[in-house]
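Everything on this sheet refers to the single structure shown next.
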Amino acid sequence: KNEPTKYKLYFDYYLYILGTFECHSPGILSDFSYSSMPRSKRFQLVALTQTAKKTRDHKAAVVQEIRSAIDDHDSVFLFSYENMRSHLFKKVRMDFREQDMEGKSSRIFLGKNKLMQIALGRTPEDEYADNLRVLSKNVTGSVGLLVTSKSREEVGEYFANLAEEDFARAGSNAPREIIVTNEMLYNFPVSMVEQFRKLGMPVEVSNGKIVLIGNKGEYVVCKEGQTLSAEACKILFQFGLKVSEFRVKLISHWSNDGGITEF
């Protein structure tokens, strides 16, 4: 009864050939130990991503690029951003890429905060220029560097007028209370009733129109300050409600004479 069957032997032998079998159950093969066997050459981890790992040389190149930009320009601005959108920030890059009166193009750096701190310097001994360590202390969170020769007033006016509305993403906070009414639902075909139900909305079809269940006049999607779920964001998208605002806020300014300005 305890002897392995013919098929069990075949199966054990097959796993033995692959080099991955480890014997755990009693039987004829329990006298063998496979833990010390070499790993099969067929067993290889294949990376499915196309992104190459950043090397030490790459990080050193980023640091040098930031420092070279500082040498070529008059000032450095540290800024923070909210509700980052690539297509909106691309416009900011293009605006500052235009050459100024001296024929210089500004540079914007986003990336690892630690690399930016190293480029600026964190102590009086290793700071790249006078007082850059003060700027480096504020490099935390969602921030970036603007290296430019434009005046502080011109840069401040640009970012003060920069505000773009966009659809909210899951995890962000609702800036205000959002309510959906029956009148807003009348614009959608009845075929979307199941889609709204999957998003958590209590709706039904009445007289060929989508309405809220129980003769309710309104449905609260979110309240002010509430963290938006993925379903709430999809509801806002369906109704075309852009409640998120892309903004860039200036934090600090460094000039090549060593002066520091806090905003």
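FYI, nothing fancy with the structure tokens labels: chains A, B, ... in order, residues from 1 per chain, ligands from 1 as they appear.
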
Backbone DSSP call of strand (DSSP E or B) for range 12-247 of chain A, listed as a VMD selection string: chain A and resid 75 to 82 107 to 109 143 to 148 164 to 166 173 178 to 181 203 to 206 209 to 212 218 to 222 227 244 to 247

Apply DSSP to the structure's backbone, then extract all residues of range 179-250 of chain A labelled helix (DSSP H, G or I) and return them as an MDAnalysis selection string. chainID A and resid 182:185 190:198 213:215 230:238

Mind dumping the selected residues with C-alpha atoms as a short mmCIF file (atom, residue, chain, number, x, y, z; two decimals), in the first residue's frame?
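Result file is again_22.cif:
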```cif
data_model
loop_
_atom_site.label_atom_id
_atom_site.label_comp_id
_atom_site.auth_asym_id
_atom_site.auth_seq_id
_atom_site.Cartn_x
_atom_site.Cartn_y
_atom_site.Cartn_z
CA ASN A 182 -32.03 63.80 -11.65
CA GLU A 183 -31.82 66.58 -14.19
CA MET A 184 -28.16 65.75 -14.74
CA LEU A 185 -29.00 62.07 -15.25
CA VAL A 190 -30.88 54.24 -20.30
CA SER A 191 -28.23 51.80 -21.47
CA MET A 192 -25.85 53.35 -18.92
CA VAL A 193 -27.96 52.47 -15.89
CA GLU A 194 -25.92 49.34 -15.16
CA GLN A 195 -22.69 51.28 -15.45
CA PHE A 196 -23.90 53.83 -12.89
CA ARG A 197 -25.01 51.02 -10.57
CA LYS A 198 -21.57 49.45 -10.69
CA ILE A 213 -34.20 55.40 -6.68
CA GLY A 214 -36.85 56.41 -4.14
CA ASN A 215 -37.80 59.72 -5.73
CA ALA A 230 -11.90 55.33 -7.90
CA GLU A 231 -15.67 55.02 -8.34
CA ALA A 232 -16.27 58.65 -7.32
CA CYS A 233 -13.63 59.83 -9.81
CA LYS A 234 -15.31 57.86 -12.60
CA ILE A 235 -18.66 59.43 -11.73
CA LEU A 236 -17.13 62.92 -11.87
CA PHE A 237 -15.58 62.06 -15.22
CA GLN A 238 -18.92 60.90 -16.64
#
```

Counting only C-alpha atoms, which residue out of A:Asn173, A:Arg122, A:Gly259, A:Glu218 sits closest to Ser136 in chain A?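 When distances to Ser136 in chain A are compared using only C-alpha atoms, the smallest one comes from A:Arg122.
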
So what do you get for CA of Pro189 in chain A versus CA of Cys222 in chain A, distance-wise? 23.6 Å
